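Chemist: File query_39.cif below, mmCIF, C-alpha atoms:
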```cif
data_run
#
loop_
_atom_site.label_atom_id
_atom_site.label_comp_id
_atom_site.auth_asym_id
_atom_site.auth_seq_id
_atom_site.Cartn_x
_atom_site.Cartn_y
_atom_site.Cartn_z
CA GLU L 1 0.00 0.00 0.00
CA ASN L 2 0.94 3.68 -0.34
CA VAL L 3 3.27 2.93 -3.26
CA THR L 4 5.26 5.94 -4.49
CA VAL L 5 8.16 6.56 -6.87
CA ALA L 6 11.27 6.88 -4.76
CA SER L 7 13.73 7.49 -7.60
CA LEU L 8 13.79 7.76 -11.37
CA ASP L 9 16.98 8.08 -13.39
CA ILE L 10 16.56 8.26 -17.18
CA LYS L 11 19.56 8.29 -19.52
CA ASP L 12 19.87 7.65 -23.26
CA ASP L 13 19.81 3.87 -22.98
CA LYS L 14 18.85 3.26 -19.34
CA VAL L 15 15.78 3.65 -17.14
CA ASP L 16 16.42 3.05 -13.43
CA LEU L 17 13.21 3.07 -11.36
CA GLY L 18 12.87 2.76 -7.56
CA LEU L 19 9.58 2.30 -5.67
CA GLU L 20 8.69 2.31 -1.99
CA GLY L 21 5.56 1.51 -0.04
CA ASP L 22 4.37 -0.45 2.96
CA ILE L 23 2.71 -3.78 3.64
CA GLN L 24 0.30 -4.70 6.43
CA THR L 25 1.45 -7.45 8.76
CA TYR L 26 -0.54 -10.22 10.40
CA PHE L 27 1.47 -12.35 12.82
CA MET L 28 3.83 -9.45 13.55
CA GLY L 29 0.82 -7.42 14.62
CA LEU L 30 0.92 -9.51 17.79
CA ALA L 31 4.16 -7.69 18.55
CA ASN L 32 2.48 -4.37 17.78
CA ILE L 33 4.26 -4.09 14.37
CA HIS L 34 1.40 -3.41 11.98
CA THR L 35 3.29 -2.28 8.80
CA LEU L 36 6.65 -2.90 7.15
CA ASP L 37 8.46 -0.61 4.71
CA VAL L 38 9.04 -2.12 1.25
CA HIS L 39 11.62 -1.00 -1.33
CA ALA L 40 12.03 -2.33 -4.90
CA SER L 41 14.00 -1.25 -7.96
CA ALA L 42 14.38 -2.25 -11.58
CA LEU L 43 16.84 -1.28 -14.31
CA ALA L 44 15.91 -1.56 -18.00
CA VAL L 45 18.68 -1.07 -20.55
CA ARG L 46 18.93 -0.97 -24.31
CA ALA L 47 22.10 -2.82 -25.24
CA VAL L 48 23.57 -5.41 -27.55
CA THR L 49 22.55 -8.96 -26.80
CA GLY L 50 25.20 -11.54 -27.63
CA SER L 51 28.02 -10.25 -29.83
CA VAL L 52 27.90 -7.84 -32.76
CA GLU L 53 30.36 -6.98 -35.55
CA VAL L 54 29.60 -3.95 -37.72
CA ALA L 55 31.37 -2.56 -40.80
CA LEU L 56 30.76 1.14 -41.45
CA VAL L 57 31.22 1.65 -45.21
CA LEU L 58 31.13 5.43 -45.57
CA ASP L 59 31.28 7.66 -48.64
CA ASN L 60 34.30 10.01 -48.47
CA THR L 61 34.13 11.26 -52.07
CA TRP L 62 34.32 14.85 -53.30
CA SER L 63 30.52 15.14 -53.55
CA MET L 64 30.49 15.06 -49.74
CA SER L 65 31.83 18.63 -49.86
CA GLU L 66 28.34 19.88 -50.76
CA LYS L 67 26.14 21.50 -48.11
CA ASP L 68 22.56 20.83 -47.10
CA SER L 69 19.89 23.49 -46.55
CA SER L 70 21.26 24.25 -43.07
CA GLY L 71 24.71 25.07 -44.46
CA LYS L 72 26.34 21.94 -43.04
CA THR L 73 28.65 19.96 -45.30
CA LYS L 74 27.67 16.37 -45.96
CA ILE L 75 30.95 15.03 -44.56
CA ASP L 76 30.44 16.88 -41.26
CA ALA L 77 26.89 15.54 -41.03
CA LEU L 78 28.22 12.03 -41.67
CA LYS L 79 30.83 12.38 -38.93
CA ASP L 80 28.14 13.34 -36.42
CA ALA L 81 25.86 10.47 -37.46
CA ALA L 82 28.58 7.80 -37.49
CA THR L 83 29.94 8.92 -34.11
CA SER L 84 26.44 8.71 -32.66
CA LEU L 85 26.12 5.11 -33.87
CA THR L 86 29.48 3.96 -32.49
CA ASP L 87 28.87 5.67 -29.14
CA LYS L 88 25.47 4.02 -28.76
CA LEU L 89 26.72 0.57 -29.76
CA ILE L 90 29.98 0.47 -27.83
CA GLY L 91 29.46 3.05 -25.08
CA ASP L 92 32.11 4.87 -23.09
CA ASP L 93 33.30 1.70 -21.37
CA GLY L 94 34.06 -0.20 -24.59
CA ALA L 95 31.61 -3.10 -24.67
CA GLU L 96 33.52 -6.37 -24.96
CA ASN L 97 30.83 -7.94 -27.14
CA VAL L 98 30.68 -5.16 -29.78
CA ARG L 99 33.30 -4.46 -32.44
CA VAL L 100 33.03 -1.90 -35.22
CA GLY L 101 35.27 -1.36 -38.26
CA LEU L 102 35.51 1.66 -40.56
CA VAL L 103 35.90 1.67 -44.36
CA PRO L 104 36.26 5.21 -45.75
CA TYR L 105 35.81 4.66 -49.49
CA ALA L 106 35.99 6.78 -52.62
CA ASP L 107 37.47 5.79 -56.00
CA TYR L 108 39.88 3.48 -54.15
CA VAL L 109 40.37 2.16 -50.63
CA ASN L 110 43.49 2.62 -48.49
CA VAL L 111 44.34 -0.62 -46.65
CA GLY L 112 47.26 0.89 -44.74
CA THR L 113 50.93 0.71 -45.68
CA GLN L 114 51.71 -1.58 -42.73
CA TYR L 115 50.32 -4.49 -44.76
CA ARG L 116 52.89 -4.20 -47.53
CA GLY L 117 54.34 -7.65 -48.12
CA ALA L 118 51.14 -9.45 -47.05
CA SER L 119 50.21 -12.50 -49.11
CA TRP L 120 46.90 -10.93 -50.15
CA LEU L 121 48.60 -7.93 -51.76
CA SER L 122 50.59 -7.51 -54.96
CA VAL L 123 52.50 -4.23 -54.76
CA PRO L 124 55.44 -3.40 -57.05
CA ALA L 125 58.60 -2.01 -55.54
CA ASP L 126 58.94 1.73 -55.13
CA THR L 127 60.87 3.31 -57.98
CA VAL L 128 63.20 6.21 -58.45
CA GLY L 129 63.42 7.34 -62.07
CA PRO L 130 66.69 8.25 -63.76
CA THR L 131 68.16 11.58 -62.73
CA PRO L 132 67.68 14.10 -65.56
CA PRO L 133 70.85 15.57 -67.07
CA PRO L 134 71.96 18.96 -65.75
CA GLN L 135 70.21 21.92 -67.26
CA THR L 136 71.91 23.46 -70.29
CA CYS L 137 70.88 26.65 -72.07
CA GLU L 138 71.81 28.21 -75.38
CA MET L 139 70.68 31.10 -77.56
CA LYS L 140 68.65 29.95 -80.56
CA GLU L 141 66.50 31.36 -83.32
CA VAL L 142 62.86 30.50 -82.55
CA THR L 143 59.97 31.08 -84.97
CA SER L 144 56.47 31.60 -83.55
CA THR L 145 53.14 32.80 -84.91
CA PRO L 146 51.51 35.47 -82.75
CA CYS L 147 47.79 35.37 -81.95
CA THR L 148 46.00 38.50 -83.11
CA GLY L 149 42.48 37.74 -81.89
CA ASN L 150 40.81 35.66 -79.18
CA ALA L 151 37.29 34.33 -78.74
CA PRO L 152 35.30 35.95 -75.93
CA SER L 153 35.67 34.63 -72.39
CA LYS L 154 32.70 32.72 -70.97
CA THR L 155 31.71 30.59 -67.98
CA CYS L 156 31.65 26.82 -68.45
CA THR L 157 30.57 24.05 -66.05
CA ARG L 158 32.29 20.75 -65.35
CA TYR L 159 31.34 17.99 -62.91
CA VAL L 160 33.69 16.40 -60.38
CA ASP L 161 31.99 13.41 -58.73
CA GLY L 162 28.66 14.99 -59.62
CA VAL L 163 29.55 18.37 -58.11
CA PRO L 164 29.20 21.21 -60.65
CA GLU L 165 32.17 23.55 -60.85
CA ASN L 166 32.17 26.77 -62.87
CA TYR L 167 35.34 27.86 -64.62
CA GLU L 168 36.40 30.45 -67.16
CA CYS L 169 36.65 29.12 -70.70
CA GLY L 170 36.76 30.46 -74.23
CA LYS L 171 39.54 32.90 -75.08
CA GLN L 172 40.97 30.50 -77.66
CA CYS L 173 42.91 32.09 -80.51
CA VAL L 174 40.80 32.67 -83.61
CA SER L 175 43.18 34.71 -85.79
CA TRP L 176 46.91 34.55 -86.37
CA GLY L 177 49.49 37.08 -87.48
CA THR L 178 52.68 36.76 -89.52
CA PRO L 179 55.30 34.31 -88.18
CA VAL L 180 58.12 36.05 -86.31
CA THR L 181 61.66 34.73 -85.83
CA LYS L 182 63.76 35.95 -82.93
CA VAL L 183 66.78 34.82 -80.90
CA GLN L 184 66.00 33.63 -77.37
CA LYS L 185 67.42 31.41 -74.64
CA VAL L 186 66.34 27.76 -74.85
CA CYS L 187 67.04 25.42 -71.91
CA THR L 188 66.86 21.63 -71.62
CA GLY L 189 67.41 19.13 -68.79
CA GLY L 190 67.40 19.88 -65.10
CA GLY L 191 64.93 18.85 -62.42
CA THR L 192 64.87 15.85 -60.09
CA ALA L 193 64.27 12.13 -60.49
CA THR L 194 60.66 10.93 -60.41
CA VAL L 195 59.88 8.96 -57.23
CA LYS L 196 56.94 6.56 -57.08
CA LYS L 197 55.87 4.89 -53.83
CA TRP L 198 52.99 2.95 -52.36
CA TRP L 199 50.57 4.99 -50.27
CA GLY L 200 48.25 2.10 -49.32
CA CYS L 201 45.97 2.39 -52.37
CA VAL L 202 44.52 -0.85 -53.79
CA GLY L 203 42.27 -1.66 -56.73
CA SER L 204 39.98 -4.59 -57.46
CA ARG L 205 40.99 -8.22 -57.94
CA LYS L 206 41.46 -9.00 -61.63
CA THR L 207 40.86 -12.77 -61.76
CA GLY L 208 37.36 -13.87 -62.78
CA ASP L 209 34.72 -12.61 -60.35
CA THR L 210 37.00 -12.66 -57.29
CA ARG L 211 36.45 -8.89 -56.96
CA LEU L 212 32.86 -9.67 -55.89
CA ASN L 213 33.39 -11.99 -52.88
CA ASP L 214 35.77 -13.19 -50.16
CA GLY L 215 35.98 -16.76 -51.42
CA SER L 216 39.51 -16.57 -52.88
CA PRO L 217 41.87 -15.19 -50.22
CA SER L 218 44.89 -16.42 -52.20
CA VAL L 219 44.10 -14.04 -55.10
CA PRO L 220 45.96 -10.80 -54.31
CA TYR L 221 44.64 -7.26 -54.56
CA PRO L 222 46.71 -4.98 -56.82
CA GLY L 223 48.45 -2.08 -55.11
CA TYR L 224 49.57 0.96 -57.10
CA ILE L 225 52.70 3.06 -56.77
CA GLU L 226 52.20 6.76 -57.53
CA THR L 227 54.09 10.04 -57.33
CA LYS L 228 51.49 11.31 -54.82
CA GLN L 229 48.74 9.88 -52.63
CA THR L 230 45.57 9.06 -54.58
CA CYS L 231 43.50 7.36 -51.90
CA LEU L 232 42.19 8.70 -48.61
CA ASN L 233 42.48 7.57 -44.97
CA PRO L 234 43.13 3.88 -44.25
CA ILE L 235 40.65 1.27 -43.14
CA MET L 236 40.24 0.62 -39.41
CA PRO L 237 39.66 -3.12 -38.73
CA LEU L 238 37.19 -4.29 -36.09
CA THR L 239 37.72 -2.78 -32.64
CA ASN L 240 35.80 -1.95 -29.48
CA ASN L 241 37.98 1.08 -28.77
CA VAL L 242 35.37 3.80 -29.20
CA THR L 243 37.95 6.58 -28.75
CA SER L 244 40.05 5.32 -31.66
CA LEU L 245 36.96 4.84 -33.79
CA ASP L 246 35.63 8.33 -33.10
CA GLN L 247 39.04 9.80 -33.89
CA ALA L 248 39.15 7.91 -37.20
CA ILE L 249 35.63 9.09 -38.07
CA ASP L 250 36.46 12.67 -37.16
CA GLY L 251 39.60 12.47 -39.30
CA MET L 252 37.76 11.42 -42.47
CA ILE L 253 38.70 13.60 -45.47
CA ILE L 254 37.27 14.10 -48.96
CA ASN L 255 40.33 15.31 -50.86
CA ILE L 256 44.10 15.67 -50.71
CA GLY L 257 45.11 18.89 -52.44
CA SER L 258 43.91 18.78 -56.04
CA TYR L 259 42.97 15.09 -55.71
CA LYS L 260 39.16 15.06 -55.55
CA PRO L 261 38.01 11.43 -55.61
CA TYR L 262 35.04 10.00 -57.49
CA THR L 263 32.56 7.36 -56.26
CA TYR L 264 33.11 3.62 -56.72
CA ILE L 265 30.78 1.82 -54.30
CA PRO L 266 32.04 -1.75 -54.99
CA ALA L 267 35.43 -0.80 -53.50
CA GLY L 268 33.83 0.15 -50.20
CA LEU L 269 31.47 -2.82 -50.11
CA ILE L 270 34.07 -5.51 -50.74
CA TRP L 271 36.29 -4.15 -47.98
CA GLY L 272 33.30 -3.90 -45.66
CA LEU L 273 32.88 -7.62 -46.30
CA ASN L 274 36.61 -8.22 -45.84
CA ILE L 275 36.69 -6.77 -42.32
CA LEU L 276 33.69 -8.94 -41.35
CA SER L 277 35.10 -12.06 -43.01
CA PRO L 278 37.08 -14.60 -40.95
CA LEU L 279 39.32 -15.05 -44.01
CA GLU L 280 42.20 -12.83 -45.14
CA PRO L 281 42.86 -9.96 -45.90
CA PHE L 282 41.71 -9.17 -42.34
CA ASN L 283 41.03 -12.16 -40.11
CA GLN L 284 40.05 -10.49 -36.82
CA ALA L 285 36.36 -11.31 -37.40
CA ALA L 286 34.63 -14.33 -35.92
CA ALA L 287 33.39 -17.14 -38.14
CA TYR L 288 30.08 -16.66 -39.91
CA ASP L 289 27.05 -17.85 -37.94
CA PRO L 290 24.36 -19.30 -40.26
CA ALA L 291 21.75 -17.76 -37.95
CA ASN L 292 23.69 -14.45 -37.75
CA LYS L 293 23.25 -14.31 -33.99
CA ASN L 294 26.64 -15.14 -32.50
CA PRO L 295 28.05 -12.96 -33.77
CA ARG L 296 25.46 -10.81 -35.44
CA LYS L 297 27.22 -9.18 -38.42
CA ALA L 298 26.05 -6.06 -40.25
CA VAL L 299 27.26 -3.71 -42.97
CA VAL L 300 26.16 -0.07 -42.92
CA LEU L 301 26.60 1.35 -46.45
CA MET L 302 26.17 5.10 -46.86
CA THR L 303 26.48 7.10 -50.08
CA ASP L 304 25.30 10.47 -51.30
CA GLY L 305 25.08 9.60 -54.98
CA GLU L 306 25.91 7.14 -57.69
CA ASN L 307 28.80 5.20 -59.12
CA PHE L 308 31.06 7.30 -61.34
CA MET L 309 33.66 4.71 -62.33
CA ASN L 310 33.97 1.43 -64.20
CA PHE L 311 36.22 -1.54 -63.45
CA ARG L 312 39.15 -2.16 -65.81
CA LYS L 313 40.06 -5.83 -65.88
CA SER L 314 43.58 -5.41 -67.25
CA ASP L 315 44.96 -3.80 -64.09
CA GLY L 316 42.08 -3.67 -61.60
CA ARG L 317 41.85 0.12 -61.78
CA HIS L 318 38.63 2.13 -61.59
CA ILE L 319 38.17 4.53 -64.51
CA ALA L 320 36.04 7.67 -64.17
CA VAL L 321 33.06 8.21 -66.48
CA ASP L 322 32.01 11.78 -65.73
CA TYR L 323 28.88 13.65 -66.71
CA PRO L 324 28.86 14.91 -70.31
CA ASP L 325 28.65 18.64 -71.04
CA GLY L 326 25.14 19.98 -70.57
CA PHE L 327 24.02 17.06 -68.37
CA ASP L 328 20.89 17.70 -66.31
CA PRO L 329 20.31 15.11 -63.54
CA LYS L 330 16.61 16.04 -63.48
CA ASN L 331 16.22 15.16 -67.15
CA LYS L 332 14.87 11.59 -67.15
CA THR L 333 16.24 10.75 -70.61
CA GLN L 334 19.74 11.85 -69.65
CA ALA L 335 19.50 10.17 -66.26
CA ASP L 336 18.43 6.88 -67.88
CA ALA L 337 21.35 7.13 -70.30
CA ARG L 338 23.63 7.66 -67.34
CA ALA L 339 22.28 4.53 -65.68
CA VAL L 340 23.15 2.53 -68.81
CA GLN L 341 26.73 3.89 -68.67
CA MET L 342 27.05 2.65 -65.10
CA GLN L 343 25.23 -0.65 -65.57
CA GLY L 344 28.35 -2.81 -65.21
CA THR L 345 29.44 -1.14 -61.97
CA ASN L 346 25.89 -1.14 -60.59
CA ASP L 347 25.68 -4.87 -61.38
CA ASP L 348 28.95 -5.41 -59.47
CA THR L 349 27.57 -3.41 -56.55
CA LEU L 350 24.45 -5.57 -56.39
CA ALA L 351 26.46 -8.78 -56.82
CA ILE L 352 28.58 -7.93 -53.74
CA CYS L 353 25.41 -7.03 -51.79
CA ASN L 354 23.83 -10.35 -52.70
CA TYR L 355 26.96 -12.25 -51.71
CA ILE L 356 27.06 -10.48 -48.34
CA LYS L 357 23.41 -11.32 -47.73
CA ALA L 358 24.09 -14.93 -48.74
CA GLN L 359 26.47 -15.10 -45.74
CA ASN L 360 23.46 -14.02 -43.60
CA ILE L 361 25.07 -10.65 -42.93
CA GLU L 362 22.59 -7.79 -42.59
CA ILE L 363 22.98 -4.78 -44.88
CA TYR L 364 21.70 -1.34 -43.94
CA THR L 365 21.85 1.21 -46.76
CA VAL L 366 21.54 4.98 -46.35
CA ALA L 367 20.89 7.29 -49.31
CA PHE L 368 21.97 10.79 -48.25
CA MET L 369 20.56 13.61 -50.38
CA VAL L 370 20.45 11.30 -53.42
CA ASP L 371 18.62 12.67 -56.49
CA MET L 372 18.89 9.86 -59.00
CA ASP L 373 16.03 7.35 -58.86
CA PHE L 374 18.18 4.51 -60.19
CA SER L 375 20.72 5.13 -57.40
CA LYS L 376 17.98 4.90 -54.76
CA LYS L 377 16.65 1.71 -56.35
CA LEU L 378 20.15 0.22 -56.25
CA LEU L 379 20.47 0.94 -52.53
CA GLN L 380 16.98 -0.43 -51.87
CA ALA L 381 17.88 -3.64 -53.70
CA CYS L 382 21.16 -3.88 -51.78
CA ALA L 383 19.52 -3.61 -48.35
CA THR L 384 18.39 -6.71 -46.46
CA ASP L 385 14.78 -5.53 -46.68
CA ALA L 386 12.70 -2.33 -46.72
CA GLU L 387 13.32 -1.72 -43.01
CA HIS L 388 17.07 -1.73 -43.65
CA TYR L 389 16.90 1.10 -46.22
CA PHE L 390 16.94 4.78 -45.22
CA ASP L 391 16.37 7.83 -47.43
CA ALA L 392 17.89 10.85 -45.67
CA SER L 393 17.18 14.17 -47.37
CA ASP L 394 19.15 16.34 -44.90
CA SER L 395 21.62 16.20 -42.02
CA ALA L 396 18.93 15.75 -39.34
CA LYS L 397 17.46 12.76 -41.17
CA LEU L 398 20.92 11.27 -41.66
CA LEU L 399 21.52 11.44 -37.90
CA SER L 400 18.09 9.90 -37.29
CA SER L 401 18.86 7.09 -39.75
CA PHE L 402 22.10 6.14 -37.99
CA GLU L 403 20.41 6.30 -34.58
CA SER L 404 17.67 4.00 -35.89
CA ILE L 405 20.32 1.55 -37.10
CA ALA L 406 21.98 1.61 -33.67
CA GLN L 407 18.61 0.91 -32.01
CA SER L 408 17.87 -1.98 -34.37
CA LEU L 409 21.19 -3.59 -33.41
CA THR L 410 20.32 -3.41 -29.70
CA GLN L 411 17.47 -4.74 -27.56
CA VAL L 412 15.69 -3.63 -24.38
CA ARG L 413 16.23 -6.05 -21.50
CA LEU L 414 15.75 -6.06 -17.74
CA ALA L 415 19.22 -5.78 -16.20
CA ARG L 416 17.95 -5.68 -12.58
#
```
Please render this file's structure as structure tokens.
Modeler:
Amino acid sequence: ENVTVASLDIKDDKVDLGLEGDIQTYFMGLANIHTLDVHASALAVRAVTGSVEVALVLDNTWSMSEKDSSGKTKIDALKDAATSLTDKLIGDDGAENVRVGLVPYADYVNVGTQYRGASWLSVPADTVGPTPPPQTCEMKEVTSTPCTGNAPSKTCTRYVDGVPENYECGKQCVSWGTPVTKVQKVCTGGGTATVKKWWGCVGSRKTGDTRLNDGSPSVPYPGYIETKQTCLNPIMPLTNNVTSLDQAIDGMIINIGSYKPYTYIPAGLIWGLNILSPLEPFNQAAAYDPANKNPRKAVVLMTDGENFMNFRKSDGRHIAVDYPDGFDPKNKTQADARAVQMQGTNDDTLAICNYIKAQNIEIYTVAFMVDMDFSKKLLQACATDAEHYFDASDSAKLLSSFESIAQSLTQVRLAR
């Protein structure tokens, strides 16, 4: 009787409730004790049941530089949403039964230079080109034809990963004068040797359809040596260190200098599978459970657009197919033609999705400010089912999508 709430503590994922009241006595009434105080408490928590392994496959391409209606860049919105998910799944204490990996993808994936020499990689040796001869100069007669008239300057538009960029064009020479010969200094040679090194960038497997699954760990991925870095931050394998994960998410970048990467979703997906696979390249993951319960494995694929590159079988590289001049993404005819251009890569994307689902791994897909209908349909087809697909039209909805994914990977249970 006389039950009242003694305490109530509500946090994000916990409800701790305490009650108090009294109970009438019978036999103790003989000793003139007619009531006893009663206290009870219960704690309900939302947390992971069993063990969970999650691969965050996140779009880090140049199109993520765009802003939503609130003025927030897409990449900043993604950082907030991804951090929210990892914090909810792992918590501050680092849940032992939850591990999350991060795959920042663009045109290529960076596996990390510490894996050079691994059996699952084929990377040529770094090279230093021949040293150019010393610079020499001499006075020579040079004949040139001066330009006497230029076309007017105008503004043109080009697309980089779907992002329109205006630039000044025109001004080409349209009339020429009489050739003129004059003596001037002409120099040759000089400079430094060309150095090429491996920055961690890898392409797709070239043999058969091995680029679409994890079934051939002995087939190596091709690594490329370049004069500068042409892939972004490296993959983070599965971990329950939420601090390291949050730092890696916060450090995600969308360009390095003039390098502005395009979108190739299959690269992200296959490495999302690789960090969840018990096989090499990464073998930190537990074996697949046919029931997907112990552990429960999930891929979270997020993109803000469409594929912009096609696979080249000869060397495993991904070749950009940009928008043509005058392209209008809202023009259905042009959009349909674009879908045909990307059919091979979209088929590869879906093939990897289907393989992942065949291992009973869940796939959540998030379309962030995506305009193209065929891109949305691809993500819907990739997802495990309709409840695993999210269409986020702004930063707030992206955050809500990731929070919903975190909730779906946890359950409410009575802890006390």
Chemist: Which neighbours of range 118-128 of chain L fall inside 12 Å, counting all atoms listed in the file, when residues of the same chain fewer than 6 positions from it are skipped, and could you give them as an NGL selection string?
Modeler: :L and (111-112 or 192-206 or 214 or 216-227 or 274 or 279-283 or 315-316)
Chemist: Could you tell me which of L:Cys156, L:Met28, L:Ile361, L:Met236 comes closest to Pro295 in chain L if we count only C-alpha atoms?
Modeler: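 Of all the options, L:Ile361 lies closest to Pro295 in chain L.
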Chemist: Take the PyMOL selection byres ((chain L and resi 371) around 10), run it mentally on this structure, and tell me the resulting residues as a list in words.
Modeler: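 The output of the PyMOL selection byres ((chain L and resi 371) around 10) on this file is Asp304, Gly305, Glu306, Pro329, Lys330, Ala367, Phe368, Met369, Val370, Met372, Asp373, Phe374, Ser375, Lys376 and Ser393 of chain L.
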Chemist: Can you list, as an mmCIF file with C-alpha atoms, in the coordinates of the input, every protein, DNA or RNA residue that comes within 9 Å of Tyr262 in chain L when you count all atoms listed in the file, leaving out same-chain residues fewer than 6 positions away?
Modeler:
```
data_model
loop_
_atom_site.group_PDB
_atom_site.id
_atom_site.type_symbol
_atom_site.label_atom_id
_atom_site.label_comp_id
_atom_site.auth_asym_id
_atom_site.auth_seq_id
_atom_site.Cartn_x
_atom_site.Cartn_y
_atom_site.Cartn_z
ATOM 1 C CA THR L 61 34.130 11.260 -52.070
ATOM 2 C CA TRP L 62 34.320 14.850 -53.300
ATOM 3 C CA SER L 63 30.520 15.140 -53.550
ATOM 4 C CA ALA L 106 35.990 6.780 -52.620
ATOM 5 C CA ASP L 107 37.470 5.790 -56.000
ATOM 6 C CA TYR L 108 39.880 3.480 -54.150
ATOM 7 C CA VAL L 160 33.690 16.400 -60.380
ATOM 8 C CA ASP L 161 31.990 13.410 -58.730
ATOM 9 C CA GLY L 162 28.660 14.990 -59.620
ATOM 10 C CA ASN L 307 28.800 5.200 -59.120
ATOM 11 C CA PHE L 308 31.060 7.300 -61.340
ATOM 12 C CA MET L 309 33.660 4.710 -62.330
ATOM 13 C CA ALA L 320 36.040 7.670 -64.170
ATOM 14 C CA ASP L 322 32.010 11.780 -65.730
#
```
Chemist: Expand the PyMOL selection byres ((chain L and resi 72-88) around 8) into the explicit residue set it covers here, and present it as a PyMOL selection string.
Modeler: chain L and resi 60+64-71+89-92+100+242+245-246+249-250+252-254+395+398-400+402-403+405-406
Chemist: Using C-alpha atoms, can you write the selected residues to a file as a PDB file, keeping the file's coordinate frame?
Modeler:
```
ATOM      1  CA  ASN L  60      34.300  10.010 -48.470  1.00  0.00           C
ATOM      2  CA  MET L  64      30.490  15.060 -49.740  1.00  0.00           C
ATOM      3  CA  SER L  65      31.830  18.630 -49.860  1.00  0.00           C
ATOM      4  CA  GLU L  66      28.340  19.880 -50.760  1.00  0.00           C
ATOM      5  CA  LYS L  67      26.140  21.500 -48.110  1.00  0.00           C
ATOM      6  CA  ASP L  68      22.560  20.830 -47.100  1.00  0.00           C
ATOM      7  CA  SER L  69      19.890  23.490 -46.550  1.00  0.00           C
ATOM      8  CA  SER L  70      21.260  24.250 -43.070  1.00  0.00           C
ATOM      9  CA  GLY L  71      24.710  25.070 -44.460  1.00  0.00           C
ATOM     10  CA  LEU L  89      26.720   0.570 -29.760  1.00  0.00           C
ATOM     11  CA  ILE L  90      29.980   0.470 -27.830  1.00  0.00           C
ATOM     12  CA  GLY L  91      29.460   3.050 -25.080  1.00  0.00           C
ATOM     13  CA  ASP L  92      32.110   4.870 -23.090  1.00  0.00           C
ATOM     14  CA  VAL L 100      33.030  -1.900 -35.220  1.00  0.00           C
ATOM     15  CA  VAL L 242      35.370   3.800 -29.200  1.00  0.00           C
ATOM     16  CA  LEU L 245      36.960   4.840 -33.790  1.00  0.00           C
ATOM     17  CA  ASP L 246      35.630   8.330 -33.100  1.00  0.00           C
ATOM     18  CA  ILE L 249      35.630   9.090 -38.070  1.00  0.00           C
ATOM     19  CA  ASP L 250      36.460  12.670 -37.160  1.00  0.00           C
ATOM     20  CA  MET L 252      37.760  11.420 -42.470  1.00  0.00           C
ATOM     21  CA  ILE L 253      38.700  13.600 -45.470  1.00  0.00           C
ATOM     22  CA  ILE L 254      37.270  14.100 -48.960  1.00  0.00           C
ATOM     23  CA  SER L 395      21.620  16.200 -42.020  1.00  0.00           C
ATOM     24  CA  LEU L 398      20.920  11.270 -41.660  1.00  0.00           C
ATOM     25  CA  LEU L 399      21.520  11.440 -37.900  1.00  0.00           C
ATOM     26  CA  SER L 400      18.090   9.900 -37.290  1.00  0.00           C
ATOM     27  CA  PHE L 402      22.100   6.140 -37.990  1.00  0.00           C
ATOM     28  CA  GLU L 403      20.410   6.300 -34.580  1.00  0.00           C
ATOM     29  CA  ILE L 405      20.320   1.550 -37.100  1.00  0.00           C
ATOM     30  CA  ALA L 406      21.980   1.610 -33.670  1.00  0.00           C
TER      31      ALA L 406
END
```
Chemist: Selection in question (the file shown): the PyMOL selection byres ((chain L and resi 296) around 10). Which residues does it include, as a list in words?
Modeler: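 So the PyMOL selection byres ((chain L and resi 296) around 10) ends up selecting Val48, Thr49, Gly50, Ser51, Val52, Glu53, Val54, Val98, Ala286, Tyr288, Asp289, Pro290, Ala291, Asn292, Lys293, Asn294, Pro295, Lys297, Ala298, Asn360, Ile361, Glu362 and Leu409 of chain L.
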Chemist: What gap, in Å, lies between CA of Pro278 in chain L and CA of Asn233 in chain L?
Modeler: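 Result for CA of Pro278 in chain L versus CA of Asn233 in chain L: 23.2 Å, one decimal.
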Chemist: Closest to Thr143 in chain L among L:Gln343, L:Lys182, L:Arg116, L:Pro164, using all atoms listed in the file?
Modeler: L:Lys182
Chemist: Just give me the gap between CA of Gln247 in chain L and CA of Leu56 in chain L in Å, one decimal is fine.
Modeler: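 Distance reported for this atom pair: 14.2 Å.
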Chemist: Would you mind listing what lies within 7 Å of Val366 in chain L as a ChimeraX atom specification, with all atoms listed in the file counted and same-chain residues fewer than 6 positions away left out?
Modeler: /L:301-303,389-392
Chemist: Taking all atoms listed in the file into account, which of L:Ala335, L:Asn213, L:Cys137, L:Gln229 comes nearest Thr349 in chain L?
Modeler: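 Closest to Thr349 in chain L of all the choices is L:Asn213.
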Chemist: State, in Å with one decimal place, the distance from CA of Ala339 in chain L to CA of Asn166 in chain L.
Modeler: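 Separation between CA of Ala339 in chain L and CA of Asn166 in chain L: 24.5 Å.
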Chemist: Have a look at L:Ile352, L:Val38, L:Ala287, L:Ile10 and name the one nearest to Ile270 in chain L; count all atoms listed in the file.
Modeler: L:Ile352
